[in-house]
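Shown next: upload.cif, containing mmCIF, C-alpha atoms.
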data_data
loop_
_atom_site.label_atom_id
_atom_site.label_comp_id
_atom_site.auth_asym_id
_atom_site.auth_seq_id
_atom_site.Cartn_x
_atom_site.Cartn_y
_atom_site.Cartn_z
CA MET A 967 -1.40 -0.63 -31.14
CA LYS A 968 -1.10 -4.08 -29.58
CA VAL A 969 -2.65 -4.80 -26.18
CA LEU A 970 -2.37 -8.05 -24.21
CA THR A 971 -3.97 -8.60 -20.81
CA GLU A 972 -3.16 -11.51 -18.52
CA TYR A 973 -3.77 -12.20 -14.85
CA LEU A 974 -1.37 -13.75 -12.36
CA TRP A 975 -2.94 -15.72 -9.50
CA PHE A 976 -1.44 -16.04 -6.03
CA ASN A 977 -2.35 -18.05 -2.97
CA THR A 978 0.62 -17.68 -0.64
CA PRO A 979 1.21 -20.26 2.12
CA ALA A 980 2.18 -17.46 4.53
CA ARG A 981 0.06 -14.47 5.43
CA ARG A 982 2.89 -12.14 4.39
CA GLU A 983 5.20 -12.95 1.56
CA MET A 984 7.22 -11.25 -1.16
CA VAL A 985 7.06 -13.20 -4.44
CA ARG A 986 9.41 -12.37 -7.31
CA ILE A 987 7.43 -12.12 -10.55
CA THR A 988 9.95 -10.58 -12.98
CA ASP A 989 10.15 -13.71 -15.13
CA GLN A 990 6.39 -14.18 -15.36
CA VAL A 991 5.94 -10.57 -16.45
CA ALA A 992 8.79 -10.93 -18.97
CA GLN A 993 7.06 -13.96 -20.49
CA ILE A 994 3.80 -12.05 -20.89
CA VAL A 995 5.72 -9.22 -22.59
CA GLU A 996 7.24 -11.78 -24.97
CA ARG A 997 3.82 -13.26 -25.75
CA SER A 998 2.42 -9.78 -26.45
CA GLN A 999 4.96 -9.21 -29.26
CA VAL A 1000 5.08 -5.57 -28.18
CA LYS A 1001 8.46 -4.13 -29.14
CA GLU A 1002 8.08 -0.59 -27.77
CA GLY A 1003 5.65 0.20 -24.98
CA ILE A 1004 4.78 -0.42 -21.37
CA ALA A 1005 3.55 -3.18 -19.08
CA LEU A 1006 1.22 -2.17 -16.26
CA VAL A 1007 1.50 -4.64 -13.35
CA SER A 1008 -1.15 -3.89 -10.72
CA ALA A 1009 -2.49 -5.72 -7.66
CA MET A 1010 -6.26 -6.24 -7.88
CA HIS A 1011 -6.70 -6.73 -4.13
CA ILE A 1012 -6.26 -3.93 -1.67
CA THR A 1013 -4.13 -5.74 0.90
CA SER A 1014 -1.33 -6.56 -1.52
CA GLY A 1015 1.07 -4.57 -3.64
CA VAL A 1016 3.53 -4.69 -6.50
CA TYR A 1017 6.95 -3.08 -6.24
CA VAL A 1018 10.40 -3.00 -7.82
CA ASN A 1019 13.46 -3.49 -5.63
CA ASP A 1020 16.35 -5.83 -4.81
CA TRP A 1021 16.20 -9.63 -4.95
CA GLU A 1022 18.21 -10.08 -1.76
CA GLY A 1023 16.81 -12.08 1.15
CA GLY A 1024 18.23 -9.81 3.85
CA LEU A 1025 16.65 -6.71 2.35
CA ILE A 1026 13.34 -8.50 1.93
CA GLU A 1027 13.42 -9.29 5.66
CA ASP A 1028 14.32 -5.66 6.36
CA PHE A 1029 11.23 -4.57 4.43
CA GLY A 1030 9.07 -6.84 6.61
CA VAL A 1031 10.48 -5.49 9.88
CA TRP A 1032 10.27 -1.91 8.65
CA LEU A 1033 6.67 -2.19 7.44
CA GLU A 1034 5.65 -3.75 10.74
CA LYS A 1035 7.19 -0.75 12.53
CA LEU A 1036 5.51 1.85 10.29
CA ALA A 1037 2.15 0.05 10.05
CA PRO A 1038 1.88 -2.37 12.97
CA SER A 1039 -0.52 -5.30 13.02
CA GLY A 1040 -2.66 -6.21 16.02
CA ARG A 1041 -3.69 -2.68 16.85
CA ASP A 1042 -7.18 -1.46 17.56
CA TYR A 1043 -7.93 -0.11 14.09
CA ARG A 1044 -11.41 1.25 13.35
CA HIS A 1045 -11.50 -0.99 10.27
CA HIS A 1046 -11.58 -3.98 12.62
CA GLN A 1047 -15.03 -2.98 13.85
CA THR A 1048 -16.29 -4.49 10.57
CA GLY A 1049 -14.95 -7.87 11.67
CA GLU A 1050 -11.77 -7.57 9.59
CA ASP A 1051 -8.33 -7.89 11.21
CA ASN A 1052 -6.17 -6.71 8.31
CA ALA A 1053 -6.08 -2.91 8.49
CA ASP A 1054 -2.29 -3.06 8.74
CA ALA A 1055 -2.21 -4.90 5.40
CA HIS A 1056 -4.03 -1.98 3.73
CA LEU A 1057 -1.47 0.43 5.19
CA LYS A 1058 1.58 -1.71 4.39
CA ARG A 1059 0.56 -2.06 0.76
CA THR A 1060 0.16 1.72 0.58
CA ILE A 1061 3.81 2.18 1.54
CA MET A 1062 5.07 -0.41 -0.94
CA GLY A 1063 2.80 0.77 -3.76
CA HIS A 1064 0.19 -1.30 -5.54
CA GLN A 1065 1.40 -1.06 -9.11
CA VAL A 1066 4.34 -0.43 -11.40
CA VAL A 1067 4.59 0.57 -15.05
CA LEU A 1068 7.51 -1.20 -16.71
CA PRO A 1069 9.10 0.10 -19.90
CA ILE A 1070 9.50 -2.25 -22.88
CA THR A 1071 12.31 -1.54 -25.34
CA ARG A 1072 13.23 -3.72 -28.32
CA GLY A 1073 10.77 -6.36 -27.17
CA LYS A 1074 12.08 -6.75 -23.63
CA LEU A 1075 11.50 -5.28 -20.17
CA ASP A 1076 13.91 -2.34 -19.99
CA LEU A 1077 15.05 -2.74 -16.36
CA GLY A 1078 18.22 -1.63 -14.62
CA PRO A 1079 20.76 -4.25 -13.49
CA TRP A 1080 19.21 -4.84 -10.06
CA GLU A 1081 15.55 -4.11 -10.72
CA GLN A 1082 13.28 -7.04 -9.90
CA VAL A 1083 9.49 -7.01 -9.78
CA PHE A 1084 7.76 -8.35 -6.66
CA TYR A 1085 4.25 -9.20 -5.61
CA ALA A 1086 3.88 -8.14 -1.96
CA GLU A 1087 1.27 -10.13 -0.06
CA PHE A 1088 0.17 -8.79 3.34
CA ASP A 1089 -2.99 -10.85 3.87
CA GLY A 1090 -2.50 -14.10 1.99
CA GLN A 1091 -3.51 -17.71 2.34
CA ARG A 1092 -6.31 -17.09 -0.20
CA LYS A 1093 -6.58 -16.57 -3.95
CA LYS A 1094 -5.66 -13.11 -5.19
CA ARG A 1095 -4.89 -11.60 -8.58
CA VAL A 1096 -2.51 -9.23 -10.33
CA ILE A 1097 -3.33 -7.78 -13.73
CA VAL A 1098 -0.59 -7.43 -16.34
CA LYS A 1099 -1.59 -5.22 -19.27
CA VAL A 1100 0.96 -4.80 -22.05
CA MET A 1101 0.47 -1.92 -24.52
CA GLY A 1102 2.57 -0.71 -27.40
CA GLU A 1103 3.56 -1.48 -30.94
CA MET B 585 1.76 5.44 -32.19
CA LYS B 586 5.01 7.29 -31.58
CA VAL B 587 7.48 6.02 -28.96
CA LEU B 588 10.72 7.72 -27.94
CA THR B 589 13.07 6.35 -25.27
CA GLU B 590 15.91 8.32 -23.73
CA TYR B 591 18.04 7.85 -20.63
CA LEU B 592 19.13 10.50 -18.14
CA TRP B 593 22.45 9.89 -16.37
CA PHE B 594 23.26 11.09 -12.87
CA ASN B 595 26.39 11.07 -10.76
CA THR B 596 25.58 13.25 -7.78
CA PRO B 597 28.42 14.82 -5.75
CA ALA B 598 26.52 14.10 -2.51
CA ARG B 599 25.28 10.71 -1.38
CA ARG B 600 21.75 12.12 -1.05
CA GLU B 601 20.41 14.73 -3.38
CA MET B 602 17.18 15.85 -4.98
CA VAL B 603 17.71 16.92 -8.61
CA ARG B 604 15.00 18.77 -10.51
CA ILE B 605 14.53 17.19 -13.95
CA THR B 606 11.30 18.79 -15.21
CA ASP B 607 13.06 20.68 -18.01
CA GLN B 608 15.01 17.67 -19.24
CA VAL B 609 11.84 15.58 -19.39
CA ALA B 610 10.01 18.42 -21.18
CA GLN B 611 12.76 18.54 -23.82
CA ILE B 612 12.47 14.81 -24.44
CA VAL B 613 8.70 15.21 -24.82
CA GLU B 614 9.32 17.94 -27.37
CA ARG B 615 11.78 15.77 -29.32
CA SER B 616 9.26 12.91 -29.34
CA GLN B 617 6.70 15.04 -31.23
CA VAL B 618 4.01 13.27 -29.22
CA LYS B 619 0.98 15.59 -28.94
CA GLU B 620 -1.29 13.39 -26.79
CA GLY B 621 0.08 10.67 -24.55
CA ILE B 622 2.26 9.96 -21.55
CA ALA B 623 5.88 10.06 -20.43
CA LEU B 624 7.04 7.33 -18.07
CA VAL B 625 9.99 8.56 -15.95
CA SER B 626 11.45 5.70 -13.92
CA ALA B 627 14.61 5.21 -11.87
CA MET B 628 16.63 2.20 -13.12
CA HIS B 629 18.52 1.79 -9.84
CA ILE B 630 16.88 0.58 -6.67
CA THR B 631 18.34 3.13 -4.27
CA SER B 632 16.94 6.14 -6.08
CA GLY B 633 13.49 7.40 -6.97
CA VAL B 634 11.52 9.82 -9.08
CA TYR B 635 8.77 11.97 -7.61
CA VAL B 636 6.62 15.04 -8.25
CA ASN B 637 6.44 17.76 -5.62
CA ASP B 638 7.39 21.33 -4.79
CA TRP B 639 10.55 23.12 -5.97
CA GLU B 640 11.15 24.82 -2.64
CA GLY B 641 14.42 24.39 -0.79
CA GLY B 642 12.87 24.27 2.68
CA LEU B 643 10.47 21.50 1.73
CA ILE B 644 13.28 19.54 0.08
CA GLU B 645 15.18 19.72 3.37
CA ASP B 646 12.02 18.66 5.21
CA PHE B 647 11.82 15.59 2.97
CA GLY B 648 15.40 14.67 3.90
CA VAL B 649 14.81 14.98 7.64
CA TRP B 650 11.50 13.11 7.40
CA LEU B 651 12.90 10.24 5.35
CA GLU B 652 15.80 9.87 7.78
CA LYS B 653 13.27 9.56 10.60
CA LEU B 654 11.07 7.02 8.80
CA ALA B 655 13.95 5.02 7.31
CA PRO B 656 17.09 5.74 9.34
CA SER B 657 20.60 5.09 8.03
CA GLY B 658 23.35 3.47 10.09
CA ARG B 659 21.15 0.75 11.58
CA ASP B 660 21.93 -2.92 11.74
CA TYR B 661 19.92 -3.96 8.68
CA ARG B 662 20.08 -7.58 7.53
CA HIS B 663 20.91 -6.32 4.04
CA HIS B 664 24.23 -5.11 5.41
CA GLN B 665 25.35 -8.69 6.01
CA THR B 666 26.02 -8.78 2.25
CA GLY B 667 28.61 -6.04 2.70
CA GLU B 668 26.24 -3.28 1.58
CA ASP B 669 25.55 -0.26 3.80
CA ASN B 670 22.62 1.26 1.91
CA ALA B 671 19.49 -0.54 3.13
CA ASP B 672 18.02 2.79 4.21
CA ALA B 673 18.35 4.03 0.62
CA HIS B 674 16.16 1.14 -0.58
CA LEU B 675 13.55 2.07 2.03
CA LYS B 676 13.69 5.82 1.42
CA ARG B 677 13.18 5.39 -2.30
CA THR B 678 10.17 3.19 -1.55
CA ILE B 679 8.51 6.05 0.33
CA MET B 680 9.22 8.61 -2.39
CA GLY B 681 8.27 6.26 -5.23
CA HIS B 682 10.52 5.18 -8.07
CA GLN B 683 8.55 6.39 -11.06
CA VAL B 684 5.94 8.80 -12.34
CA VAL B 685 3.71 8.80 -15.41
CA LEU B 686 3.31 12.34 -16.75
CA PRO B 687 0.42 13.33 -19.01
CA ILE B 688 1.16 15.05 -22.33
CA THR B 689 -1.53 17.34 -23.78
CA ARG B 690 -1.17 19.44 -26.93
CA GLY B 691 2.51 18.53 -27.15
CA LYS B 692 3.48 19.58 -23.62
CA LEU B 693 3.72 18.07 -20.15
CA ASP B 694 0.30 18.69 -18.62
CA LEU B 695 1.38 19.60 -15.07
CA GLY B 696 -0.31 21.65 -12.39
CA PRO B 697 1.12 25.07 -11.45
CA TRP B 698 3.47 23.76 -8.76
CA GLU B 699 4.26 20.28 -10.04
CA GLN B 700 7.98 19.69 -10.58
CA VAL B 701 9.66 16.38 -11.36
CA PHE B 702 12.61 15.32 -9.22
CA TYR B 703 15.23 12.61 -9.29
CA ALA B 704 15.79 11.47 -5.69
CA GLU B 705 19.25 10.05 -5.05
CA PHE B 706 19.82 8.17 -1.79
CA ASP B 707 23.11 6.40 -2.59
CA GLY B 708 24.88 8.57 -5.09
CA GLN B 709 28.47 9.46 -5.99
CA ARG B 710 28.29 6.93 -8.85
CA LYS B 711 26.68 6.72 -12.28
CA LYS B 712 22.98 5.92 -12.30
CA ARG B 713 20.23 6.09 -14.89
CA VAL B 714 16.60 7.12 -15.30
CA ILE B 715 14.58 5.96 -18.30
CA VAL B 716 12.17 8.36 -19.99
CA LYS B 717 9.76 6.64 -22.37
CA VAL B 718 7.32 8.85 -24.25
CA MET B 719 4.30 7.20 -25.90
CA GLY B 720 1.36 8.63 -27.78
CA GLU B 721 0.36 10.14 -31.05
CA MET C 85 -5.01 5.26 -30.81
CA LYS C 86 -7.76 7.14 -28.96
CA VAL C 87 -6.91 9.69 -26.28
CA LEU C 88 -9.38 11.58 -24.10
CA THR C 89 -8.37 14.09 -21.43
CA GLU C 90 -10.70 15.46 -18.79
CA TYR C 91 -10.19 17.28 -15.52
CA LEU C 92 -11.98 16.74 -12.22
CA TRP C 93 -12.34 19.76 -9.95
CA PHE C 94 -12.46 19.60 -6.17
CA ASN C 95 -13.08 22.17 -3.46
CA THR C 96 -13.51 20.15 -0.29
CA PRO C 97 -15.34 21.68 2.70
CA ALA C 98 -12.79 20.14 5.08
CA ARG C 99 -9.04 20.66 4.95
CA ARG C 100 -8.52 16.89 4.79
CA GLU C 101 -10.91 14.61 3.00
CA MET C 102 -10.97 11.38 1.03
CA VAL C 103 -13.35 11.59 -1.93
CA ARG C 104 -14.36 8.47 -3.86
CA ILE C 105 -14.03 9.11 -7.60
CA THR C 106 -14.38 5.63 -9.11
CA ASP C 107 -17.68 6.43 -10.81
CA GLN C 108 -16.49 9.70 -12.30
CA VAL C 109 -13.42 8.01 -13.75
CA ALA C 110 -15.57 5.16 -15.10
CA GLN C 111 -17.80 7.68 -16.87
CA ILE C 112 -14.80 9.32 -18.53
CA VAL C 113 -13.60 5.89 -19.66
CA GLU C 114 -17.03 5.27 -21.17
CA ARG C 115 -17.00 8.62 -22.98
CA SER C 116 -13.53 7.86 -24.38
CA GLN C 117 -14.82 4.73 -26.17
CA VAL C 118 -11.45 3.12 -25.39
CA LYS C 119 -11.93 -0.64 -25.23
CA GLU C 120 -8.38 -1.71 -24.34
CA GLY C 121 -5.97 0.66 -22.65
CA ILE C 122 -5.27 2.66 -19.53
CA ALA C 123 -6.56 5.65 -17.60
CA LEU C 124 -4.00 7.83 -15.85
CA VAL C 125 -5.57 9.60 -12.85
CA SER C 126 -3.16 12.12 -11.38
CA ALA C 127 -3.42 14.95 -8.85
CA MET C 128 -2.26 18.27 -10.33
CA HIS C 129 -1.63 19.87 -6.94
CA ILE C 130 1.20 18.79 -4.68
CA THR C 131 -0.72 18.61 -1.42
CA SER C 132 -3.22 16.05 -2.64
CA GLY C 133 -3.04 12.51 -3.95
CA VAL C 134 -4.91 9.77 -5.75
CA TYR C 135 -4.97 6.22 -4.43
CA VAL C 136 -6.78 2.89 -4.71
CA ASN C 137 -8.04 1.19 -1.57
CA ASP C 138 -11.12 0.17 0.38
CA TRP C 139 -14.40 2.11 0.51
CA GLU C 140 -14.93 1.54 4.22
CA GLY C 141 -15.37 4.45 6.60
CA GLY C 142 -13.38 2.90 9.43
CA LEU C 143 -10.35 2.27 7.24
CA ILE C 144 -10.54 5.78 5.83
CA GLU C 145 -10.39 7.09 9.41
CA ASP C 146 -7.47 4.75 10.09
CA PHE C 147 -5.63 6.26 7.14
CA GLY C 148 -6.13 9.73 8.60
CA VAL C 149 -4.82 8.79 12.04
CA TRP C 150 -1.91 6.86 10.55
CA LEU C 151 -0.85 9.66 8.19
CA GLU C 152 -0.97 12.16 11.05
CA LYS C 153 1.38 9.89 12.99
CA LEU C 154 3.83 9.39 10.12
CA ALA C 155 3.69 12.98 8.87
CA PRO C 156 2.41 15.20 11.68
CA SER C 157 0.94 18.63 11.12
CA GLY C 158 1.80 21.66 13.24
CA ARG C 159 5.52 21.00 13.42
CA ASP C 160 8.26 23.47 12.77
CA TYR C 161 8.95 22.49 9.15
CA ARG C 162 11.49 24.50 7.15
CA HIS C 163 8.86 24.87 4.43
CA HIS C 164 6.87 27.04 6.80
CA GLN C 165 9.55 29.72 6.68
CA THR C 166 8.02 30.63 3.29
CA GLY C 167 4.77 31.49 5.06
CA GLU C 168 3.13 28.17 4.19
CA ASP C 169 1.72 25.91 6.91
CA ASN C 170 1.10 22.77 4.87
CA ALA C 171 4.39 20.84 4.79
CA ASP C 172 2.65 17.85 6.33
CA ALA C 173 0.23 17.80 3.39
CA HIS C 174 3.18 17.42 0.99
CA LEU C 175 4.47 14.50 3.05
CA LYS C 176 1.09 12.82 3.52
CA ARG C 177 0.38 12.87 -0.19
CA THR C 178 3.79 11.30 -0.80
CA ILE C 179 2.81 8.30 1.33
CA MET C 180 -0.58 7.87 -0.35
CA GLY C 181 0.79 8.41 -3.86
CA HIS C 182 -0.29 11.13 -6.27
CA GLN C 183 -1.46 9.05 -9.21
CA VAL C 184 -2.73 5.70 -10.38
CA VAL C 185 -2.82 4.01 -13.76
CA LEU C 186 -6.04 2.02 -14.16
CA PRO C 187 -6.37 -0.80 -16.69
CA ILE C 188 -9.28 -0.76 -19.15
CA THR C 189 -10.49 -4.10 -20.53
CA ARG C 190 -13.49 -4.57 -22.84
CA GLY C 191 -14.42 -0.93 -22.41
CA LYS C 192 -14.50 -0.88 -18.60
CA LEU C 193 -12.15 -0.19 -15.70
CA ASP C 194 -10.62 -3.58 -14.91
CA LEU C 195 -10.61 -3.36 -11.11
CA GLY C 196 -10.63 -6.05 -8.44
CA PRO C 197 -13.76 -6.59 -6.31
CA TRP C 198 -12.78 -4.10 -3.60
CA GLU C 199 -10.70 -1.60 -5.55
CA GLN C 200 -12.04 1.95 -5.33
CA VAL C 201 -10.31 5.11 -6.54
CA PHE C 202 -9.99 8.02 -4.14
CA TYR C 203 -8.94 11.63 -4.31
CA ALA C 204 -6.99 12.40 -1.12
CA GLU C 205 -7.12 16.03 -0.10
CA PHE C 206 -4.67 17.21 2.59
CA ASP C 207 -4.95 20.98 2.15
CA GLY C 208 -8.40 21.68 0.80
CA GLN C 209 -11.01 24.39 1.06
CA ARG C 210 -9.85 25.71 -2.33
CA LYS C 211 -10.15 24.67 -5.97
CA LYS C 212 -7.86 21.88 -7.08
CA ARG C 213 -7.69 19.59 -10.10
CA VAL C 214 -7.07 15.98 -11.07
CA ILE C 215 -6.27 15.04 -14.66
CA VAL C 216 -7.79 11.90 -16.16
CA LYS C 217 -6.12 10.84 -19.41
CA VAL C 218 -7.53 7.78 -21.15
CA MET C 219 -5.42 6.11 -23.85
CA GLY C 220 -5.96 2.99 -25.91
CA GLU C 221 -7.90 1.63 -28.80
#
Is it possible to express this structure as structure tokens?
Amino acid sequence: MKVLTEYLWFNTPARREMVRITDQVAQIVERSQVKEGIALVSAMHITSGVYVNDWEGGLIEDFGVWLEKLAPSGRDYRHHQTGEDNADAHLKRTIMGHQVVLPITRGKLDLGPWEQVFYAEFDGQRKKRVIVKVMGE
Amino acid sequence: MKVLTEYLWFNTPARREMVRITDQVAQIVERSQVKEGIALVSAMHITSGVYVNDWEGGLIEDFGVWLEKLAPSGRDYRHHQTGEDNADAHLKRTIMGHQVVLPITRGKLDLGPWEQVFYAEFDGQRKKRVIVKVMGE
Amino acid sequence: MKVLTEYLWFNTPARREMVRITDQVAQIVERSQVKEGIALVSAMHITSGVYVNDWEGGLIEDFGVWLEKLAPSGRDYRHHQTGEDNADAHLKRTIMGHQVVLPITRGKLDLGPWEQVFYAEFDGQRKKRVIVKVMGE
């Protein structure tokens, strides 16, 4: 079995940002030389996520509005008694999910026609990591 | 390591539908001859999902009502400026999740007594795929 | 390839409870002697989940309040016509997620500085299981 582990670093200019990472993950899969297997792509910080959905600016804005409605910022969360102000980021990332497992077939990511992989930052403007672990043969 | 990849096709009569796929996944696991490992079951379209929950008609209806409340259809989503009308389907599938990783033990899906695997369609009436990738030994 | 499967049992005193299980999973990873691979941690009951987030009491309370808002208990769910009273637990676990796949690097869980693994019980006070399947080399 082959295993390759790499880390992607992010430091987004905005506090909240969706960053498309499909190509970076595809390059790691290529470097791994895995032909049949999986790539785990998982946020290592607990106020960001990783998800698969559409690469369409309007929908990405819809996600932002929707997440703010379901998990509003600026509320009086108990978590903020620690001095933090990012409880909503923990909740938002829970809705989006913090990891995906991508299938690899014949040496490539086996994604549907519209599937794109995104890093979802909800408390950015500082360095954060995503692990990509490729396993297979 | 053994790897087997198969694709399930769906074309649901209704726009929204939950389809139980536990048996189809179990048959693929059997064909794979994997005794210890995992089966990744992942929707390849971004308006459908895959989830594990109860095979009980009332609860499945509850999911539909609940998802419509959390991610309503017929709103003025930005995504619809592209001509699409299915932004809610992208959101609903995000709540349900788009993939599961099922454990395989002694050659069988190692599921709890009530765990059933479902394909969740939120924009159906057309051909869509789910990948099933079985890996192990 | 090495594979080790173990089961964690829970019987929480409260109906709803978040139980930190990072150390138990880490011990299973150590027993597996897997140096590079993954650990699937998955709830085997459909009214509980497994998630990764912060080990901070205030945030854990925030999760409880938030989940009750998004998926309230005590409503007239169709599922309750079967005699059950736990439809909200099925919904809450859907938001939190029912499984995680944890990376293993150099023989240890490869988690970020604040990542902790939790078992999320939404209908406890009875025996329930989580499967931990470690795979790799």
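Any residue of chain B with an atom within 6 Å of chain A counts; using all atoms listed in the file, that gives Met628, His629, Ile630, Arg662 and His663 of chain B.
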Computed interatomic separation between CA of Ile105 (chain C) and CA of Tyr203 (chain C) (Å): 6.6 Å
Specify as number ranges by chain each residue included when the PyMOL selection byres ((chain B and resi 589) around 7) is applied to this file. B: 587-588, 590-591, 716-718
Please indicate the distance in Å from CA of His682 (chain B) to CA of Gln1065 (chain A), rounded to one decimal place.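 Distance reported for this atom pair: 11.1 Å.
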In Å and to one decimal, CA of Arg710 (chain B) is distant from CA of Thr596 (chain B) by 7.0 Å
Which polymer residues have any atom within 6 Å of an atom of Arg981 (chain A), counting all atoms listed in the file, with same-chain residues fewer than 6 positions away left out, as a count of residues only? 3
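When the distance limit is 6 Å and all atoms listed in the file are what count, the residues near Arg600 (chain B), minus those fewer than 2 positions from it on the same chain, are B:Ala598, B:Glu705, B:Phe706.
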How about saving the chosen residues, C-alpha atoms kept, as a short mmCIF file (atom, residue, chain, number, x, y, z; two decimals), in the coordinates of the input?
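And here is the file that came out, result_30.cif:
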data_model
loop_
_atom_site.label_atom_id
_atom_site.label_comp_id
_atom_site.auth_asym_id
_atom_site.auth_seq_id
_atom_site.Cartn_x
_atom_site.Cartn_y
_atom_site.Cartn_z
CA ALA B 598 26.52 14.10 -2.51
CA GLU B 705 19.25 10.05 -5.05
CA PHE B 706 19.82 8.17 -1.79
#
Given the file shown, enumerate the residues that the PyMOL selection byres ((chain C and resi 108) around 12) captures and present them as a ChimeraX atom specification. /C:90-93,103-107,109-115,123,125,193,200-203,214-216
